[in-house]
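One file, my_file01.cif, carrying mmCIF, C-alpha atoms:
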data_upload
loop_
_atom_site.label_atom_id
_atom_site.label_comp_id
_atom_site.auth_asym_id
_atom_site.auth_seq_id
_atom_site.Cartn_x
_atom_site.Cartn_y
_atom_site.Cartn_z
CA MET A 1 0.00 0.00 0.00
CA PHE A 2 2.77 2.39 1.06
CA LYS A 3 4.83 1.53 -2.03
CA ARG A 4 1.88 2.20 -4.32
CA LEU A 5 1.14 5.50 -2.59
CA ALA A 6 4.80 6.55 -2.76
CA SER A 7 5.12 5.70 -6.47
CA CYS A 8 1.83 7.51 -7.18
CA THR A 9 3.09 10.63 -5.37
CA LEU A 10 6.39 10.40 -7.26
CA MET A 11 4.50 10.22 -10.58
CA ILE A 12 2.43 13.30 -9.71
CA LEU A 13 5.59 15.17 -8.71
CA LEU A 14 7.35 14.18 -11.93
CA PHE A 15 4.31 15.27 -13.96
CA ALA A 16 4.22 18.61 -12.15
CA LEU A 17 7.96 19.07 -12.83
CA LEU A 18 7.41 18.31 -16.50
CA LEU A 19 4.59 20.84 -16.68
CA ALA A 20 6.72 23.43 -14.93
CA ALA A 21 9.62 22.71 -17.26
CA HIS A 22 7.53 23.17 -20.38
CA GLY A 23 4.30 24.78 -19.35
CA GLU A 24 2.41 27.88 -20.32
CA PRO A 25 4.20 30.85 -21.85
CA LEU A 26 5.60 33.55 -19.60
CA LEU A 27 3.70 36.81 -20.01
CA GLY A 28 5.19 40.04 -18.83
CA THR A 29 6.65 43.46 -19.47
CA VAL A 30 10.35 43.80 -20.33
CA THR A 31 12.33 45.62 -17.64
CA ALA A 32 15.83 45.02 -19.02
CA VAL A 33 17.48 43.56 -22.11
CA GLY A 34 20.99 42.14 -21.82
CA LYS A 35 23.28 40.56 -24.40
CA ASP A 36 21.90 37.11 -23.75
CA THR A 37 19.13 37.65 -21.23
CA VAL A 38 15.85 39.45 -20.97
CA THR A 39 14.29 40.43 -17.66
CA ILE A 40 10.55 40.69 -17.36
CA LYS A 41 8.05 41.57 -14.70
CA ASP A 42 5.49 38.78 -15.00
CA MET A 43 1.74 38.91 -14.45
CA THR A 44 2.14 38.45 -10.72
CA GLY A 45 4.67 41.26 -10.47
CA LYS A 46 7.57 38.85 -10.02
CA THR A 47 10.88 39.55 -11.79
CA VAL A 48 11.99 36.71 -14.08
CA VAL A 49 15.30 36.54 -15.93
CA VAL A 50 15.15 34.46 -19.11
CA MET A 51 18.18 33.35 -21.13
CA LEU A 52 18.22 34.15 -24.84
CA GLU A 53 19.87 31.44 -26.91
CA LYS A 54 21.35 31.45 -30.40
CA ASN A 55 18.29 29.60 -31.65
CA THR A 56 15.71 31.70 -29.77
CA LYS A 57 13.10 32.87 -32.27
CA PHE A 58 11.76 36.41 -32.10
CA LEU A 59 8.38 37.35 -33.52
CA LYS A 60 6.52 40.60 -33.79
CA ASP A 61 3.09 40.83 -35.45
CA LYS A 62 3.57 37.15 -36.45
CA LYS A 63 6.66 38.09 -38.47
CA ALA A 64 10.31 37.31 -37.80
CA ALA A 65 11.95 39.91 -35.55
CA THR A 66 15.31 40.29 -33.81
CA ILE A 67 16.56 41.04 -30.32
CA ALA A 68 16.75 44.69 -31.39
CA ASP A 69 12.93 44.76 -31.42
CA LEU A 70 12.93 43.91 -27.73
CA LYS A 71 12.61 47.20 -25.84
CA VAL A 72 12.18 48.02 -22.17
CA GLY A 73 8.44 48.36 -21.64
CA SER A 74 7.50 45.93 -24.42
CA ARG A 75 4.95 43.30 -23.56
CA VAL A 76 6.17 39.80 -24.35
CA SER A 77 4.99 36.21 -24.37
CA ILE A 78 7.91 33.82 -23.96
CA ASP A 79 7.87 30.08 -24.62
CA ALA A 80 10.63 28.83 -22.37
CA HIS A 81 11.88 25.73 -20.67
CA MET A 82 13.91 25.32 -17.50
CA ASP A 83 17.62 24.88 -18.23
CA GLU A 84 18.60 22.43 -15.51
CA LYS A 85 22.31 23.21 -15.83
CA MET A 86 21.94 26.98 -15.52
CA LYS A 87 18.86 26.79 -13.24
CA MET A 88 17.23 29.45 -15.39
CA GLN A 89 14.44 29.69 -17.91
CA SER A 90 15.70 29.45 -21.48
CA ALA A 91 13.65 31.10 -24.23
CA GLU A 92 12.61 29.14 -27.29
CA GLU A 93 10.36 31.80 -28.77
CA VAL A 94 9.79 35.41 -27.77
CA GLU A 95 6.66 37.06 -29.15
CA ILE A 96 6.87 40.82 -28.84
CA GLY A 97 3.64 42.73 -28.39
CA SER A 98 2.54 45.23 -30.99
CA ALA A 99 1.54 47.73 -28.30
CA ALA A 100 4.00 50.62 -27.94
CA PRO A 101 6.51 50.03 -25.13
CA GLU A 102 5.14 51.35 -21.85
CA THR A 103 7.18 54.11 -20.28
CA LYS A 104 7.36 54.87 -16.56
CA LYS A 105 5.04 57.68 -15.56
CA MET B 1 9.42 -39.37 -50.83
CA LYS B 2 11.27 -36.34 -52.16
CA THR B 3 8.06 -34.26 -52.09
CA ILE B 4 7.40 -35.21 -48.47
CA ARG B 5 10.96 -34.18 -47.55
CA ILE B 6 10.50 -30.79 -49.26
CA ILE B 7 7.18 -30.24 -47.47
CA LEU B 8 8.80 -31.15 -44.14
CA VAL B 9 11.70 -28.74 -44.72
CA LEU B 10 9.25 -25.98 -45.67
CA LEU B 11 7.17 -26.69 -42.56
CA VAL B 12 10.25 -26.55 -40.32
CA LEU B 13 11.27 -23.26 -41.98
CA ALA B 14 7.75 -21.84 -41.51
CA VAL B 15 7.69 -22.85 -37.83
CA ALA B 16 11.20 -21.39 -37.31
CA ALA B 17 10.13 -18.13 -39.00
CA ALA B 18 6.97 -17.97 -36.86
CA VAL B 19 8.97 -18.63 -33.66
CA GLY B 20 11.57 -16.03 -34.70
CA LEU B 21 8.90 -13.45 -35.48
CA GLY B 22 7.03 -14.20 -32.25
CA GLY B 23 10.26 -13.90 -30.23
CA TYR B 24 11.10 -10.63 -31.98
CA VAL B 25 7.64 -9.17 -31.25
CA LEU B 26 7.68 -10.35 -27.63
CA SER B 27 11.22 -9.09 -26.99
CA ARG B 28 10.36 -5.64 -28.37
CA GLY B 29 6.88 -5.57 -26.86
CA PHE B 30 3.96 -3.60 -28.27
CA SER B 31 5.13 -0.16 -27.23
CA ALA B 32 4.79 2.50 -29.94
CA ARG B 33 7.84 4.32 -28.57
CA ASP B 34 10.41 2.37 -30.59
CA GLU B 35 11.58 3.18 -34.08
CA PRO B 36 11.12 0.37 -36.60
CA SER B 37 14.35 -1.52 -37.26
CA GLY B 38 16.19 -0.73 -40.49
CA ALA B 39 15.07 -4.03 -42.02
CA GLU B 40 11.42 -3.45 -41.04
CA ALA B 41 11.45 0.05 -42.51
CA PHE B 42 13.14 -1.15 -45.70
CA ILE B 43 10.75 -4.06 -46.24
CA SER B 44 7.66 -1.96 -45.40
CA ARG B 45 8.61 0.81 -47.80
CA ARG B 46 9.28 -1.70 -50.59
CA LEU B 47 5.98 -3.49 -49.91
CA ARG B 48 4.10 -0.19 -49.85
CA ARG B 49 5.60 0.81 -53.18
CA MET B 50 4.78 -2.58 -54.70
CA ALA B 51 1.20 -2.38 -53.40
CA ILE B 52 0.47 0.91 -55.17
CA PRO B 53 -1.05 0.03 -58.55
CA GLY B 54 1.13 1.00 -61.51
CA LYS B 55 -1.71 3.08 -62.99
CA SER B 56 -1.94 5.17 -59.81
CA ARG B 57 1.83 5.55 -59.61
CA GLU B 58 1.93 7.10 -63.08
CA LEU B 59 -0.85 9.64 -62.42
CA LYS B 60 0.08 13.24 -63.14
CA ASN B 61 -1.18 16.11 -61.01
CA PRO B 62 -4.17 17.58 -62.90
CA VAL B 63 -4.12 20.71 -60.69
CA GLN B 64 -1.86 23.44 -61.99
CA ALA B 65 0.44 24.84 -59.30
CA SER B 66 -0.32 28.44 -58.35
CA PRO B 67 -0.08 30.66 -55.23
CA GLU B 68 -3.85 30.19 -54.71
CA VAL B 69 -3.54 26.39 -54.80
CA LEU B 70 -0.63 26.51 -52.36
CA SER B 71 -2.51 28.81 -50.02
CA ARG B 72 -5.58 26.51 -50.11
CA ALA B 73 -3.45 23.43 -49.52
CA THR B 74 -1.54 25.12 -46.70
CA ALA B 75 -4.79 25.77 -44.82
CA HIS B 76 -6.01 22.22 -45.50
CA PHE B 77 -2.72 20.67 -44.34
CA ALA B 78 -2.64 22.82 -41.18
CA ASP B 79 -6.16 21.73 -40.30
CA HIS B 80 -6.13 18.03 -41.30
CA CYS B 81 -2.52 16.82 -41.35
CA ALA B 82 -0.31 18.98 -39.11
CA THR B 83 -1.45 17.33 -35.86
CA CYS B 84 0.71 14.32 -36.78
CA HIS B 85 3.00 15.64 -39.54
CA GLY B 86 3.68 19.13 -38.11
CA ASN B 87 3.27 22.34 -40.08
CA ASP B 88 6.76 21.83 -41.52
CA GLY B 89 6.05 18.20 -42.46
CA ARG B 90 8.86 16.86 -40.29
CA GLY B 91 6.55 14.89 -37.97
CA ASN B 92 8.00 16.28 -34.76
CA THR B 93 4.66 16.65 -32.94
CA LEU B 94 3.16 15.12 -29.81
CA MET B 95 1.08 12.73 -31.93
CA GLY B 96 3.83 12.10 -34.46
CA ARG B 97 6.43 11.19 -31.87
CA GLY B 98 4.00 8.74 -30.27
CA LEU B 99 3.06 6.79 -33.38
CA TYR B 100 4.54 3.53 -34.66
CA PRO B 101 5.94 3.95 -37.17
CA LYS B 102 6.58 7.70 -36.74
CA PRO B 103 5.41 9.86 -39.63
CA PRO B 104 8.30 10.40 -42.04
CA ASP B 105 10.16 13.67 -42.39
CA MET B 106 8.41 14.60 -45.62
CA THR B 107 11.13 17.05 -46.63
CA GLU B 108 13.46 14.04 -47.05
CA PRO B 109 14.00 12.01 -50.25
CA SER B 110 12.00 9.07 -48.82
CA THR B 111 8.87 11.17 -49.50
CA GLN B 112 10.11 13.64 -52.11
CA ASN B 113 11.30 10.80 -54.38
CA LEU B 114 7.79 9.33 -54.53
CA THR B 115 5.87 10.16 -57.70
CA ASP B 116 2.95 12.60 -57.54
CA GLY B 117 0.66 9.63 -58.14
CA GLU B 118 2.14 7.69 -55.21
CA ILE B 119 1.71 10.64 -52.82
CA TYR B 120 -1.88 11.13 -54.05
CA TYR B 121 -2.60 7.39 -53.60
CA ILE B 122 -1.27 7.47 -50.01
CA ILE B 123 -3.40 10.53 -49.12
CA GLU B 124 -6.51 8.95 -50.63
CA ASN B 125 -6.06 5.38 -49.36
CA GLY B 126 -3.95 5.72 -46.22
CA ILE B 127 -1.38 3.13 -45.13
CA ARG B 128 -2.48 0.06 -43.23
CA PHE B 129 -0.71 -0.68 -39.88
CA THR B 130 0.35 2.96 -39.52
CA GLY B 131 -1.43 6.07 -38.22
CA MET B 132 -2.09 7.29 -41.79
CA PRO B 133 -5.84 7.22 -42.46
CA ALA B 134 -7.51 7.11 -45.88
CA PHE B 135 -8.79 10.62 -46.60
CA GLY B 136 -10.42 9.78 -49.94
CA GLU B 137 -14.20 9.56 -49.76
CA GLU B 138 -14.67 7.52 -52.95
CA PRO B 139 -12.46 4.48 -53.56
CA GLY B 140 -10.65 4.66 -56.89
CA ASN B 141 -11.27 8.39 -57.35
CA ASP B 142 -8.16 9.80 -59.00
CA LYS B 143 -9.51 13.34 -59.37
CA ASP B 144 -9.96 14.60 -55.80
CA PRO B 145 -8.80 18.24 -56.15
CA GLU B 146 -8.07 18.68 -52.42
CA SER B 147 -5.68 15.72 -52.38
CA TRP B 148 -3.95 16.94 -55.54
CA ASP B 149 -3.60 20.39 -53.92
CA LEU B 150 -1.89 18.65 -51.00
CA VAL B 151 0.57 16.98 -53.38
CA HIS B 152 1.69 20.49 -54.41
CA PHE B 153 2.01 21.46 -50.75
CA ILE B 154 4.12 18.37 -49.97
CA ARG B 155 6.41 19.22 -52.89
CA HIS B 156 6.80 22.71 -51.39
CA LEU B 157 7.79 21.42 -47.91
CA PRO B 158 11.60 21.34 -48.46
CA ARG B 159 11.45 25.07 -49.29
CA MET B 160 9.16 26.14 -46.42
CA THR B 161 10.34 29.22 -44.56
CA SER B 162 9.97 29.66 -40.80
CA GLU B 163 7.56 32.52 -41.51
CA GLU B 164 5.32 30.24 -43.57
CA VAL B 165 5.36 27.69 -40.74
CA GLU B 166 4.45 30.46 -38.28
CA GLN B 167 1.55 31.65 -40.44
CA MET B 168 0.06 28.14 -40.31
CA LYS B 169 -0.23 28.09 -36.51
CA PRO B 170 -3.57 29.93 -36.32
CA MET B 171 -4.99 27.39 -38.79
CA ASN B 172 -4.15 24.37 -36.60
CA PRO B 173 -7.03 22.70 -34.74
CA LYS B 174 -7.35 24.02 -31.18
CA SER B 175 -9.24 23.04 -28.04
CA PRO B 176 -11.54 25.66 -26.42
CA SER B 177 -9.06 26.16 -23.56
CA GLU B 178 -6.18 26.70 -26.03
CA LEU B 179 -8.30 29.24 -27.92
CA ALA B 180 -9.11 31.08 -24.69
CA LYS B 181 -5.42 31.12 -23.68
CA GLU B 182 -4.41 32.41 -27.12
CA GLU B 183 -6.99 35.17 -26.91
CA GLU B 184 -5.69 36.13 -23.47
CA ILE B 185 -2.12 36.34 -24.82
CA ARG B 186 -3.23 38.30 -27.91
CA LYS B 187 -5.07 40.85 -25.77
CA PHE B 188 -2.08 41.16 -23.47
CA LEU B 189 0.40 41.65 -26.33
CA GLN B 190 -1.78 44.26 -28.01
CA GLY B 191 -2.15 46.16 -24.78
CA GLU B 192 -5.90 45.62 -24.59
CA ASP B 193 -5.68 44.84 -20.89
CA THR B 194 -3.50 45.91 -18.01
CA PRO B 195 -1.23 43.23 -16.58
CA PRO B 196 -1.59 42.76 -12.82
CA ALA B 197 2.10 43.63 -12.52
CA GLU B 198 1.30 47.12 -13.77
CA ASN B 199 -1.59 47.38 -11.33
CA ASN B 200 0.82 46.52 -8.51
CA HIS B 201 3.19 49.17 -9.82
CA GLU B 202 0.45 51.81 -9.78
CA HIS B 203 -0.63 50.92 -6.23
CA HIS B 204 2.83 51.81 -4.97
CA HIS B 205 2.58 55.33 -6.33
#

Just give me the structure of the file as structure tokens.
Amino acid sequence: MFKRLASCTLMILLFALLLAAHGEPLLGTVTAVGKDTVTIKDMTGKTVVVMLEKNTKFLKDKKAATIADLKVGSRVSIDAHMDEKMKMQSAEEVEIGSAAPETKK
Amino acid sequence: MKTIRIILVLLVLAVAAAVGLGGYVLSRGFSARDEPSGAEAFISRRLRRMAIPGKSRELKNPVQASPEVLSRATAHFADHCATCHGNDGRGNTLMGRGLYPKPPDMTEPSTQNLTDGEIYYIIENGIRFTGMPAFGEEPGNDKDPESWDLVHFIRHLPRMTSEEVEQMKPMNPKSPSELAKEEEIRKFLQGEDTPPAENNHEHHH
């Protein structure tokens, strides 16, 4: 009974980890753009640093874009997975919002 | 006497083949995760080719290629085929990865070297023992314009750009929850709502 319960719990944990590793896109507003990272403030107000890779795809208005289109204040949706080695989110695709970057009032 | 000996040898060979095949199946199990062995793939492809009637193999595409045809076929492929084959035809999808055998990378010569007639025949009649269904509604119909449109699309796959693949995404079948999520993201990206993070920001001032 205990073994079954333990393996069941382990399965649920593994499933949750998988979901976390490749779950829903990160939505947020860009607060900083580095050479190979972008920092966003997510929907809960939490700051998240995401790595930008050589093969990260950038899109704006459904068309190919570049890192240069990523501005502080831009709204972004980032498909990312957890890089276990770096312990950071790694971006696969960054969709840049068409709304004008928001500036601090 | 000689005939009996030949029959006996054939029987022994048949039993040995059956035992070998049974052992092979049991050792590999029935999981769809595996890739077919090289020999299995080779024999299956040869058998498939041999099973396509010569008349069908020689068929020429009656639909003239044009941007309109390609656009129509792109939408059709995104809606009916991409769930398994992927928008880029490489088969790297949740469904595709889980099938046995996996859908082929259709940009590769194993598909591109098929004749137009062979590709049309496969779309219309499917392939038994694989995940490929028969999409043709009338058996023996060699004039289904939608399937011929798809032949043009499949020929275009090796030259697909990442932008073309991206443009197909909205045409892929979606569940209601996926549609709702997409709408939420679209509104957010277009600035039609205020993210909670911004609300928090404003509260501090």

Mind telling me what the PyMOL selection byres ((chain A) within 12 of (chain B)) catches here, as a PyMOL selection string?
-> chain A and resi 24-31+40-47+57-65+73-79+93-105

Let me see the file: selected residues, C-alpha atoms, as a JSON list (two decimals), in the frame of the given file.
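That gives us part-v4.json:
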[["chain", "number", "residue", "atom", "x", "y", "z"],
["A", 24, "GLU", "CA", 2.41, 27.88, -20.32],
["A", 25, "PRO", "CA", 4.20, 30.85, -21.85],
["A", 26, "LEU", "CA", 5.60, 33.55, -19.60],
["A", 27, "LEU", "CA", 3.70, 36.81, -20.01],
["A", 28, "GLY", "CA", 5.19, 40.04, -18.83],
["A", 29, "THR", "CA", 6.65, 43.46, -19.47],
["A", 30, "VAL", "CA", 10.35, 43.80, -20.33],
["A", 31, "THR", "CA", 12.33, 45.62, -17.64],
["A", 40, "ILE", "CA", 10.55, 40.69, -17.36],
["A", 41, "LYS", "CA", 8.05, 41.57, -14.70],
["A", 42, "ASP", "CA", 5.49, 38.78, -15.00],
["A", 43, "MET", "CA", 1.74, 38.91, -14.45],
["A", 44, "THR", "CA", 2.14, 38.45, -10.72],
["A", 45, "GLY", "CA", 4.67, 41.26, -10.47],
["A", 46, "LYS", "CA", 7.57, 38.85, -10.02],
["A", 47, "THR", "CA", 10.88, 39.55, -11.79],
["A", 57, "LYS", "CA", 13.10, 32.87, -32.27],
["A", 58, "PHE", "CA", 11.76, 36.41, -32.10],
["A", 59, "LEU", "CA", 8.38, 37.35, -33.52],
["A", 60, "LYS", "CA", 6.52, 40.60, -33.79],
["A", 61, "ASP", "CA", 3.09, 40.83, -35.45],
["A", 62, "LYS", "CA", 3.57, 37.15, -36.45],
["A", 63, "LYS", "CA", 6.66, 38.09, -38.47],
["A", 64, "ALA", "CA", 10.31, 37.31, -37.80],
["A", 65, "ALA", "CA", 11.95, 39.91, -35.55],
["A", 73, "GLY", "CA", 8.44, 48.36, -21.64],
["A", 74, "SER", "CA", 7.50, 45.93, -24.42],
["A", 75, "ARG", "CA", 4.95, 43.30, -23.56],
["A", 76, "VAL", "CA", 6.17, 39.80, -24.35],
["A", 77, "SER", "CA", 4.99, 36.21, -24.37],
["A", 78, "ILE", "CA", 7.91, 33.82, -23.96],
["A", 79, "ASP", "CA", 7.87, 30.08, -24.62],
["A", 93, "GLU", "CA", 10.36, 31.80, -28.77],
["A", 94, "VAL", "CA", 9.79, 35.41, -27.77],
["A", 95, "GLU", "CA", 6.66, 37.06, -29.15],
["A", 96, "ILE", "CA", 6.87, 40.82, -28.84],
["A", 97, "GLY", "CA", 3.64, 42.73, -28.39],
["A", 98, "SER", "CA", 2.54, 45.23, -30.99],
["A", 99, "ALA", "CA", 1.54, 47.73, -28.30],
["A", 100, "ALA", "CA", 4.00, 50.62, -27.94],
["A", 101, "PRO", "CA", 6.51, 50.03, -25.13],
["A", 102, "GLU", "CA", 5.14, 51.35, -21.85],
["A", 103, "THR", "CA", 7.18, 54.11, -20.28],
["A", 104, "LYS", "CA", 7.36, 54.87, -16.56],
["A", 105, "LYS", "CA", 5.04, 57.68, -15.56]]

The PyMOL selection byres ((chain B and resi 69-80) around 10) applied to the shown file, residues as number ranges by chain = B: 63-68, 81-89, 135, 145-154, 156, 164-165, 167-174

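Interatomic distance, atom CA of A:Thr56 against atom CA of B:Arg90: 19.4 Å.
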
Name the residues that the PyMOL selection byres ((chain A and resi 38) around 9) picks from the file above, as an MDAnalysis selection string, using the file's chain letters and numbers.
-> chainID A and resid 30:37 39:40 48:52 70

To one decimal place, how far is atom CA of A:Ala80 from atom CA of B:Ala32 in Å?
->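 We find that atom CA of A:Ala80 and atom CA of B:Ala32 lie 28.0 Å from each other.
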
Between atom CA of B:Asp34 and atom CA of B:Leu99 - distance in Å to one decimal |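 These atoms are spaced 9.0 Å apart.
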
Go through B:Thr130, B:Asn113, B:Asn92, B:Thr107 and flag the residue nearest B:Pro36, using all atoms listed in the file for the distances.
->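 Of B:Thr130, B:Asn113, B:Asn92, B:Thr107, the one nearest B:Pro36 is B:Thr130, counting all atoms listed in the file.
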
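Distances from B:Val12, B:Arg57, B:Glu35, B:Glu178 to B:Arg97 were compared using only C-alpha atoms, and the smallest one belongs to B:Glu35.
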